[in-house]
>>> print(open('query.cif').read())   # mmCIF, C-alpha atoms
data_protein
loop_
_atom_site.label_atom_id
_atom_site.label_comp_id
_atom_site.auth_asym_id
_atom_site.auth_seq_id
_atom_site.Cartn_x
_atom_site.Cartn_y
_atom_site.Cartn_z
CA MET A 172 6.68 136.09 -23.31
CA LYS A 173 5.46 137.52 -26.60
CA LEU A 174 6.68 140.97 -25.54
CA VAL A 175 10.15 139.50 -24.99
CA PHE A 176 10.17 138.15 -28.55
CA ILE A 177 8.99 141.50 -29.93
CA LEU A 178 11.79 143.35 -28.12
CA ALA A 179 14.32 140.71 -29.18
CA ALA A 180 13.20 140.97 -32.81
CA ILE A 181 13.51 144.77 -32.78
CA ALA A 182 16.93 144.53 -31.15
CA ILE A 183 18.15 141.92 -33.66
CA PHE A 184 16.93 143.96 -36.62
CA GLY A 185 18.62 147.08 -35.25
CA LEU A 186 21.82 145.16 -34.48
CA LEU A 187 22.05 143.82 -38.03
CA VAL A 188 21.77 147.33 -39.47
CA THR A 189 24.39 148.55 -36.99
CA VAL A 190 26.71 145.67 -37.97
CA HIS A 191 26.32 146.75 -41.58
CA GLU A 192 27.36 150.30 -40.74
CA LEU A 193 30.20 148.96 -38.60
CA GLY A 194 31.56 147.27 -41.72
CA HIS A 195 31.63 150.61 -43.54
CA PHE A 196 33.22 152.25 -40.49
CA LEU A 197 36.05 149.72 -40.11
CA ALA A 198 36.81 149.75 -43.83
CA ALA A 199 36.79 153.55 -43.90
CA LYS A 200 39.24 153.73 -41.00
CA LEU A 201 41.43 151.09 -42.66
CA CYS A 202 41.49 153.12 -45.88
CA GLY A 203 42.24 156.44 -44.15
CA VAL A 204 38.82 158.01 -44.76
CA ARG A 205 37.57 160.37 -42.08
CA VAL A 206 34.39 159.28 -40.31
CA ASN A 207 32.60 162.29 -38.86
CA GLU A 208 30.11 160.25 -36.82
CA PHE A 209 29.45 156.61 -36.05
CA SER A 210 26.09 156.14 -34.39
CA ILE A 211 24.42 153.16 -32.75
CA GLY A 212 20.69 153.80 -33.03
CA MET A 213 18.80 156.59 -34.73
CA GLY A 214 16.90 159.69 -33.62
CA PRO A 215 17.54 161.84 -30.50
CA LEU A 216 21.05 161.80 -29.08
CA ILE A 217 21.51 160.03 -25.72
CA TRP A 218 25.31 159.91 -25.40
CA GLN A 219 28.29 160.99 -27.43
CA LYS A 220 32.07 161.00 -27.18
CA GLU A 221 34.54 162.49 -29.58
CA LYS A 222 37.76 160.63 -30.27
CA GLY A 223 40.09 161.87 -32.96
CA ASP A 224 38.05 163.07 -35.92
CA THR A 225 35.06 160.87 -35.09
CA GLN A 226 32.05 161.43 -32.88
CA TYR A 227 30.75 158.18 -31.39
CA SER A 228 27.05 158.35 -30.53
CA ILE A 229 24.24 156.35 -29.00
CA ARG A 230 20.78 157.43 -30.08
CA ALA A 231 17.32 156.73 -28.72
CA LEU A 232 15.75 154.52 -31.40
CA PRO A 233 17.27 150.99 -31.60
CA ILE A 234 16.47 150.60 -35.29
CA GLY A 235 19.93 150.69 -36.80
CA GLY A 236 22.72 153.23 -36.98
CA TYR A 237 24.87 155.06 -39.47
CA CYS A 238 28.43 155.84 -40.50
CA ALA A 239 28.77 159.42 -41.74
CA MET A 240 31.95 159.69 -43.81
CA GLU A 241 33.58 162.93 -44.93
CA GLY A 242 32.70 163.69 -48.54
CA GLU A 243 30.36 160.73 -48.85
CA ASP A 244 27.83 162.57 -51.01
CA GLU A 245 29.82 165.56 -52.22
CA ASP A 246 33.39 166.57 -52.87
CA THR A 247 34.50 168.63 -49.86
CA GLY A 248 38.04 168.90 -51.17
CA ALA A 249 39.53 167.11 -48.15
CA GLU A 250 42.20 164.52 -48.95
CA ASP A 251 40.72 162.09 -46.40
CA SER A 252 37.21 162.33 -47.85
CA PHE A 253 35.49 159.35 -49.46
CA VAL A 254 35.20 161.05 -52.85
CA GLN A 255 38.97 161.59 -53.07
CA GLN A 256 39.81 157.90 -52.71
CA GLY A 257 40.78 155.55 -55.52
CA PHE A 258 38.65 152.77 -57.00
CA TRP A 259 39.71 149.91 -54.75
CA LYS A 260 39.40 151.86 -51.49
CA LYS A 261 35.91 153.03 -52.44
CA PHE A 262 34.97 149.53 -53.50
CA LEU A 263 36.23 148.02 -50.23
CA ILE A 264 34.34 150.57 -48.13
CA LEU A 265 31.10 150.10 -50.07
CA VAL A 266 31.03 146.29 -49.93
CA ALA A 267 32.27 146.05 -46.34
CA GLY A 268 28.79 146.56 -44.89
CA SER A 269 27.33 143.64 -46.83
CA PHE A 270 30.38 141.51 -46.02
CA MET A 271 29.80 142.08 -42.30
CA ASN A 272 26.12 141.15 -42.62
CA PHE A 273 26.98 137.97 -44.52
CA LEU A 274 29.69 137.08 -41.97
CA THR A 275 27.21 137.66 -39.14
CA GLY A 276 24.73 135.29 -40.77
CA VAL A 277 27.41 132.60 -41.16
CA VAL A 278 28.52 132.96 -37.51
CA ILE A 279 24.92 132.62 -36.28
CA LEU A 280 24.46 129.48 -38.38
CA LEU A 281 27.73 128.01 -37.09
CA CYS A 282 26.46 128.45 -33.53
CA LEU A 283 23.06 126.95 -34.36
CA TYR A 284 24.53 123.89 -36.09
CA ALA A 285 27.29 123.27 -33.53
CA GLY A 286 25.20 120.80 -31.56
CA VAL A 287 23.32 118.97 -34.32
CA THR A 288 23.90 115.24 -34.76
CA GLU A 289 22.21 114.72 -38.14
CA ILE A 290 22.07 116.60 -41.46
CA TYR A 291 18.93 116.33 -43.57
CA THR A 292 18.72 116.45 -47.37
CA ASP A 293 16.03 116.18 -50.05
CA GLU A 294 15.89 112.65 -51.39
CA ILE A 295 13.73 110.67 -53.80
CA ILE A 296 12.00 107.93 -51.80
CA GLY A 297 10.07 106.52 -54.75
CA THR A 298 8.32 107.26 -58.03
CA ALA A 299 4.70 107.11 -59.15
CA PRO A 300 3.59 104.02 -61.12
CA GLU A 301 3.01 106.26 -64.15
CA PHE A 302 6.57 107.61 -64.04
CA THR A 303 8.63 105.69 -66.60
CA GLN A 304 12.08 107.31 -66.48
CA THR A 305 13.51 105.09 -63.78
CA GLY A 306 16.46 102.75 -63.48
CA GLU A 307 20.15 103.34 -64.04
CA ASN A 308 19.70 106.34 -66.35
CA GLY A 309 16.59 107.62 -64.60
CA PHE A 310 15.51 108.14 -60.99
CA GLN A 311 15.70 105.62 -58.16
CA ALA A 312 14.81 105.64 -54.49
CA GLY A 313 17.74 107.03 -52.53
CA ASP A 314 18.80 109.59 -55.15
CA GLN A 315 19.68 112.93 -53.57
CA ILE A 316 17.94 115.82 -55.34
CA TYR A 317 20.64 118.24 -56.46
CA LYS A 318 18.88 120.85 -58.61
CA VAL A 319 15.40 121.80 -59.74
CA ASN A 320 15.17 124.11 -62.78
CA GLY A 321 18.72 125.25 -62.16
CA TYR A 322 18.17 126.05 -58.47
CA ARG A 323 20.45 124.10 -56.14
CA THR A 324 18.69 122.29 -53.29
CA TYR A 325 21.22 123.19 -50.62
CA VAL A 326 19.01 122.35 -47.62
CA GLN A 327 16.16 119.98 -46.92
CA GLY A 328 12.76 121.30 -48.00
CA GLU A 329 13.94 123.30 -51.00
CA ALA A 330 13.07 120.67 -53.62
CA LYS A 331 9.38 120.74 -52.79
CA MET A 332 9.29 124.54 -52.92
CA PHE A 333 11.04 124.72 -56.30
CA LEU A 334 8.79 121.98 -57.69
CA ASP A 335 5.68 123.79 -56.44
CA TYR A 336 6.77 126.98 -58.22
CA ALA A 337 7.82 125.16 -61.40
CA GLY A 338 5.74 125.68 -64.51
CA ASP A 339 4.42 123.00 -66.86
CA THR A 340 7.80 121.29 -67.05
CA ALA A 341 10.78 120.85 -64.74
CA ASP A 342 14.47 119.95 -65.09
CA ILE A 343 15.46 117.74 -62.15
CA GLU A 344 19.04 116.73 -61.39
CA VAL A 345 19.96 114.09 -58.81
CA VAL A 346 23.19 112.66 -57.40
CA ARG A 347 23.69 108.90 -57.03
CA ASP A 348 27.04 107.57 -55.76
CA GLY A 349 28.77 110.73 -56.95
CA THR A 350 27.20 110.59 -60.43
CA HIS A 351 24.89 113.39 -61.60
CA ILE A 352 21.77 112.42 -63.54
CA LEU A 353 19.66 115.11 -65.22
CA LEU A 354 16.19 114.60 -66.64
CA GLU A 355 14.95 117.61 -68.61
CA ASP A 356 11.47 118.87 -69.47
CA LEU A 357 9.61 116.47 -67.20
CA PRO A 358 5.91 117.33 -67.69
CA ARG A 359 3.62 118.35 -64.85
CA SER A 360 0.84 115.79 -64.96
CA THR A 361 -1.52 113.72 -62.84
CA PHE A 362 0.21 110.93 -60.92
CA THR A 363 -0.67 108.46 -58.21
CA SER A 364 0.73 109.41 -54.81
CA ALA A 365 2.24 106.99 -52.30
CA ASP A 366 -1.09 106.66 -50.43
CA GLY A 367 -3.03 105.80 -53.59
CA SER A 368 -4.63 109.20 -54.19
CA THR A 369 -3.86 111.34 -57.23
CA TYR A 370 -1.87 114.56 -57.35
CA THR A 371 -0.55 117.01 -59.92
CA GLY A 372 3.23 117.01 -60.05
CA PHE A 373 6.26 115.42 -61.68
CA GLY A 374 6.00 111.78 -60.66
CA ILE A 375 8.57 111.63 -57.86
CA TYR A 376 8.03 111.20 -54.12
CA VAL A 377 10.27 113.58 -52.17
CA GLY A 378 11.41 112.53 -48.71
CA VAL A 379 14.16 113.20 -46.22
CA GLY A 380 17.68 111.81 -46.42
CA VAL A 381 19.77 111.65 -43.24
CA GLN A 382 23.55 112.01 -42.91
CA GLU A 383 25.80 111.93 -39.84
CA ALA A 384 26.73 115.43 -38.74
CA THR A 385 30.52 115.26 -38.65
CA LEU A 386 32.51 118.46 -38.15
CA ALA A 387 33.14 118.66 -41.89
CA LYS A 388 29.43 118.17 -42.61
CA LYS A 389 28.47 120.88 -40.11
CA LEU A 390 30.83 123.36 -41.74
CA GLN A 391 29.61 122.38 -45.20
CA TYR A 392 25.96 122.63 -44.16
CA THR A 393 26.58 126.05 -42.60
CA TRP A 394 28.06 127.29 -45.88
CA TYR A 395 25.31 125.64 -47.92
CA THR A 396 22.62 127.28 -45.78
CA ALA A 397 24.21 130.71 -46.27
CA LEU A 398 24.39 130.09 -50.03
CA ASP A 399 20.77 128.96 -49.94
CA PHE A 400 19.78 132.27 -48.33
CA VAL A 401 21.54 134.08 -51.18
CA GLN A 402 19.76 131.90 -53.73
CA LEU A 403 16.39 132.60 -52.08
CA VAL A 404 16.86 136.31 -52.79
CA ARG A 405 17.43 135.53 -56.46
CA PHE A 406 14.48 133.12 -56.51
CA SER A 407 12.19 135.66 -54.81
CA LEU A 408 13.17 138.44 -57.22
CA VAL A 409 12.56 136.16 -60.21
CA GLN A 410 9.13 135.22 -58.83
CA LEU A 411 8.32 138.88 -58.18
CA PHE A 412 9.21 140.03 -61.70
CA THR A 413 7.61 137.03 -63.44
CA GLY A 414 4.35 137.25 -61.51
CA GLY A 415 4.92 134.16 -59.35
CA ALA A 416 4.76 136.39 -56.27
CA GLY A 417 3.28 139.81 -55.55
CA LEU A 418 3.76 142.78 -53.26
CA ASP A 419 1.66 140.99 -50.63
CA ASP A 420 4.54 138.52 -50.24
CA ILE A 421 7.04 141.27 -49.35
CA SER A 422 7.66 142.44 -45.78
CA GLY A 423 9.33 145.52 -44.36
CA PRO A 424 10.72 146.08 -40.84
CA VAL A 425 7.28 145.85 -39.20
CA GLY A 426 6.50 142.60 -41.02
CA ILE A 427 9.94 141.16 -40.22
CA VAL A 428 9.55 141.89 -36.49
CA SER A 429 6.03 140.43 -36.60
CA THR A 430 7.25 137.27 -38.32
CA MET A 431 10.13 136.78 -35.90
CA THR A 432 7.74 137.24 -32.96
CA GLN A 433 5.30 134.73 -34.44
CA VAL A 434 8.10 132.23 -35.06
CA GLY A 435 9.17 132.47 -31.42
CA SER A 436 5.64 132.36 -29.99
CA GLU A 437 4.61 129.24 -31.93
CA ALA A 438 7.60 127.14 -30.85
CA GLU A 439 6.94 124.37 -28.36
CA THR A 440 9.87 125.17 -26.06
CA ALA A 441 11.85 128.31 -25.23
CA SER A 442 14.98 126.68 -26.66
CA ASP A 443 13.23 125.97 -29.96
CA ALA A 444 11.85 129.51 -30.00
CA TRP A 445 15.23 131.16 -29.67
CA SER A 446 16.80 128.75 -32.17
CA GLN A 447 14.14 129.64 -34.75
CA ILE A 448 14.43 133.37 -34.05
CA PHE A 449 18.21 133.30 -34.52
CA TYR A 450 17.83 131.15 -37.65
CA PHE A 451 15.52 133.85 -39.00
CA ALA A 452 18.10 136.46 -37.92
CA ALA A 453 20.76 134.64 -39.97
CA LEU A 454 18.40 134.61 -42.95
CA LEU A 455 17.76 138.33 -42.49
CA ALA A 456 21.49 139.10 -42.17
CA VAL A 457 22.33 137.37 -45.45
CA ASN A 458 19.30 138.95 -47.15
CA LEU A 459 20.46 142.42 -46.06
CA ALA A 460 23.91 141.63 -47.46
CA VAL A 461 22.57 140.60 -50.86
CA MET A 462 19.86 143.25 -51.18
CA ASN A 463 22.33 146.04 -50.39
CA LEU A 464 24.54 144.90 -53.26
CA LEU A 465 21.78 145.09 -55.86
CA PRO A 466 22.71 147.70 -58.52
CA PHE A 467 19.94 150.13 -57.56
CA PRO A 468 20.64 153.83 -56.88
CA ALA A 469 21.16 154.73 -53.19
CA LEU A 470 22.06 151.14 -52.29
CA ASP A 471 25.70 150.13 -51.88
CA GLY A 472 25.37 148.09 -55.06
CA GLY A 473 24.20 151.17 -56.94
CA ARG A 474 27.27 153.07 -55.83
CA VAL A 475 29.49 150.15 -56.80
CA PHE A 476 27.81 150.23 -60.20
CA PHE A 477 28.75 153.91 -60.58
CA LEU A 478 32.33 153.02 -59.63
CA LEU A 479 32.41 150.52 -62.49
CA VAL A 480 30.83 153.04 -64.88
CA ASP A 481 33.48 155.60 -63.87
CA ALA A 482 36.26 153.06 -64.45
CA VAL A 483 34.95 152.23 -67.93
CA ALA A 484 34.42 155.93 -68.73
CA MET A 485 38.01 156.72 -67.74
CA LEU A 486 39.27 153.98 -70.07
CA LEU A 487 37.12 155.10 -73.00
CA VAL A 488 36.95 158.90 -72.76
CA GLY A 489 39.29 159.81 -69.90
CA LYS A 490 36.51 161.36 -67.80
CA LYS A 491 34.29 160.22 -64.94
CA VAL A 492 30.56 160.75 -64.61
CA PRO A 493 30.20 164.15 -62.85
CA GLU A 494 29.50 163.81 -59.11
CA ARG A 495 26.40 165.99 -59.33
CA TYR A 496 24.75 163.48 -61.68
CA GLN A 497 25.59 160.57 -59.43
CA ILE A 498 24.24 162.45 -56.41
CA ALA A 499 21.02 163.29 -58.27
CA VAL A 500 20.48 159.67 -59.33
CA ASN A 501 21.18 158.40 -55.80
CA MET A 502 18.79 160.95 -54.29
CA ALA A 503 16.08 159.89 -56.74
CA GLY A 504 16.76 156.24 -55.91
CA PHE A 505 16.61 157.03 -52.19
CA ALA A 506 13.25 158.76 -52.63
CA ILE A 507 11.90 155.74 -54.54
CA LEU A 508 13.19 153.34 -51.87
CA MET A 509 11.66 155.40 -49.06
CA GLY A 510 8.34 155.52 -50.88
CA PHE A 511 8.45 151.76 -51.45
CA MET A 512 9.37 151.11 -47.80
CA LEU A 513 6.51 153.37 -46.67
CA LEU A 514 4.10 151.40 -48.85
CA ILE A 515 5.35 148.07 -47.50
CA THR A 516 5.18 149.38 -43.91
CA PHE A 517 1.55 150.43 -44.36
CA GLN A 518 0.88 146.99 -45.82
CA ASP A 519 2.55 145.30 -42.81
CA VAL A 520 0.57 147.39 -40.34
CA PHE A 521 -2.67 146.63 -42.19
CA ARG A 522 -1.93 142.91 -41.94
CA LEU A 523 -1.52 143.23 -38.17
CA ILE A 524 -4.76 145.12 -37.53
CA ARG A 525 -7.13 143.36 -39.92
#
>>> encode(input="query.cif", output="structure tokens")
Amino acid sequence: MKLVFILAAIAIFGLLVTVHELGHFLAAKLCGVRVNEFSIGMGPLIWQKEKGDTQYSIRALPIGGYCAMEGEDEDTGAEDSFVQQGFWKKFLILVAGSFMNFLTGVVILLCLYAGVTEIYTDEIIGTAPEFTQTGENGFQAGDQIYKVNGYRTYVQGEAKMFLDYAGDTADIEVVRDGTHILLEDLPRSTFTSADGSTYTGFGIYVGVGVQEATLAKKLQYTWYTALDFVQLVRFSLVQLFTGGAGLDDISGPVGIVSTMTQVGSEAETASDAWSQIFYFAALLAVNLAVMNLLPFPALDGGRVFFLLVDAVAMLLVGKKVPERYQIAVNMAGFAILMGFMLLITFQDVFRLIR
């Protein structure tokens, strides 16, 4: 059964990359840009068919795909090349891949939540005896935790994670009967837990709130989960750059496939296994959408950044940044990304064999 999960994880990862490229392809066609080749898979060619100006291909390695547009990296002089298009067409084509990934994640979540009967939230179920900021203007049992240090607790389980990663103080905001209550700079200290032992924290006991899963709640929770996935990227990047997390906490394709396989293998039933794998696939889809829009050279977000720089340069000096400079920066960024991915892949492989 583990082999089935491995193959499924590889297929899902490859499908998500292909969906990303499909977004670029559809937007390019819509904007009148010539696509020289649209490929499902990478590596040796298995099948191809030419229709119009585009070669449609299936390749041997199911690890993604690509959309090769005319004039994508250089000005070929053709009117239907990517370089010759205006700002909004370029922008639409560049963000379409991430949009498709995000949409895929939302659709997967909609399917997963279609049959649920209850929605769970983070809720305060009590406070430590030493915690004094209680009552009408403080915290009470039944308060729904809304934010921790500015991070929204969209789904159940987030409050504990944000509190664990908080520093010496925390800003905690709750909702009670539609009213928001914010307590700032709560100190991390030693408190008595619900079972009488002591713990280091912020004096609140976090539990699970339950709501009926109406159709409106399912749709809301689907959207909230997708937004939570976006927020997790931001949270992870902040932790990475502030030292709260390290390179050991980052995974590449090998690590992602390994994690998805482990998630499926540890589930008690086959139904639970596939639900967890597809939940992880939704998380991965939204992560791919967000990461690709980061303003780093060679990523879609880096190219969007150059579009904005060009627009500002045209307003100020009437000239764009020369294509050769943009190409050089993107090639350097690509080399850095490939080197980083190689490092992470070696790290993932080492984890598997040690």
>>> resolve_selection(input="query.cif", expression="the PyMOL selection byres ((chain A and resi 361-366) around 10)", output="JSON, numbers by chain")
{"A": [296, 297, 298, 299, 300, 301, 302, 358, 359, 360, 367, 368, 369, 370, 371, 372, 373, 374, 375, 376]}
>>> resolve_selection(input="query.cif", expression="the PyMOL selection byres ((chain A and resi 452) around 9)", output="number ranges by chain")
A: 180, 183-184, 187, 276, 279, 431, 447-451, 453-457
>>> resolve_selection(input="query.cif", expression="the PyMOL selection byres ((chain A and resi 254) around 8)", output="ChimeraX atom specification")
/A:242-246,252-253,255-256
>>> atom_distance(input="query.cif", atom1="CA of Asn308 in chain A", atom2="CA of Val345 in chain A")
10.8 Å
>>> residues_around(input="query.cif", residues="range 316-330 of chain A", least_positions_apart="3", cutoff="7 Å", atoms="only C-alpha atoms", output="compact mmCIF listing (two decimals) with C-alpha atoms, in the frame of the given file")
# COMPACT_ATOMS: atom_id res chain seq x y z
CA TYR A 291 18.93 116.33 -43.57
CA THR A 292 18.72 116.45 -47.37
CA ASP A 293 16.03 116.18 -50.05
CA GLU A 294 15.89 112.65 -51.39
CA ILE A 295 13.73 110.67 -53.80
CA PHE A 333 11.04 124.72 -56.30
CA LEU A 334 8.79 121.98 -57.69
CA ALA A 341 10.78 120.85 -64.74
CA ASP A 342 14.47 119.95 -65.09
CA ILE A 343 15.46 117.74 -62.15
CA GLU A 344 19.04 116.73 -61.39
CA VAL A 345 19.96 114.09 -58.81
CA VAL A 346 23.19 112.66 -57.40
CA TYR A 395 25.31 125.64 -47.92
CA THR A 396 22.62 127.28 -45.78
CA ASP A 399 20.77 128.96 -49.94
>>> closest_residue(input="query.cif", among="A:Ile181, A:Met213, A:Cys282, A:Met271", to="Asn463 in chain A", atoms="all atoms listed in the file")
A:Met271
>>> closest_residue(input="query.cif", among="A:Leu186, A:Leu197, A:Ile498, A:Val488", to="Asn272 in chain A", atoms="all atoms listed in the file")
A:Leu186
>>> residues_around(input="query.cif", residues="range 223-228 of chain A", least_positions_apart="2", cutoff="8 Å", atoms="only C-alpha atoms", output="list of chain:residue names")
A:Arg205, A:Val206, A:Asn207, A:Glu208, A:Phe209, A:Ser210, A:Ile211, A:Leu216, A:Ile217, A:Trp218, A:Gln219, A:Lys220, A:Glu221, A:Arg230
>>> closest_residue(input="query.cif", among="A:Tyr336, A:Gln315, A:Gln382, A:Phe467", to="Gly349 in chain A", atoms="only C-alpha atoms")
A:Gln315
>>> residues_near_point(input="query.cif", point="(23.3, 146.7, -53.4)", cutoff="9 Å", atoms="all atoms listed in the file", output="list in words")
Val266, Ser269, Leu459, Ala460, Val461, Met462, Asn463, Leu464, Leu465, Pro466, Phe467, Pro468, Ala469, Leu470, Asp471, Gly472, Gly473, Arg474, Val475 and Phe476 of chain A
>>> write_last_selection(input="query.cif", atoms="C-alpha atoms", output="compact mmCIF listing (two decimals), in the coordinates of the input")
# COMPACT_ATOMS: atom_id res chain seq x y z
CA VAL A 266 31.03 146.29 -49.93
CA SER A 269 27.33 143.64 -46.83
CA LEU A 459 20.46 142.42 -46.06
CA ALA A 460 23.91 141.63 -47.46
CA VAL A 461 22.57 140.60 -50.86
CA MET A 462 19.86 143.25 -51.18
CA ASN A 463 22.33 146.04 -50.39
CA LEU A 464 24.54 144.90 -53.26
CA LEU A 465 21.78 145.09 -55.86
CA PRO A 466 22.71 147.70 -58.52
CA PHE A 467 19.94 150.13 -57.56
CA PRO A 468 20.64 153.83 -56.88
CA ALA A 469 21.16 154.73 -53.19
CA LEU A 470 22.06 151.14 -52.29
CA ASP A 471 25.70 150.13 -51.88
CA GLY A 472 25.37 148.09 -55.06
CA GLY A 473 24.20 151.17 -56.94
CA ARG A 474 27.27 153.07 -55.83
CA VAL A 475 29.49 150.15 -56.80
CA PHE A 476 27.81 150.23 -60.20
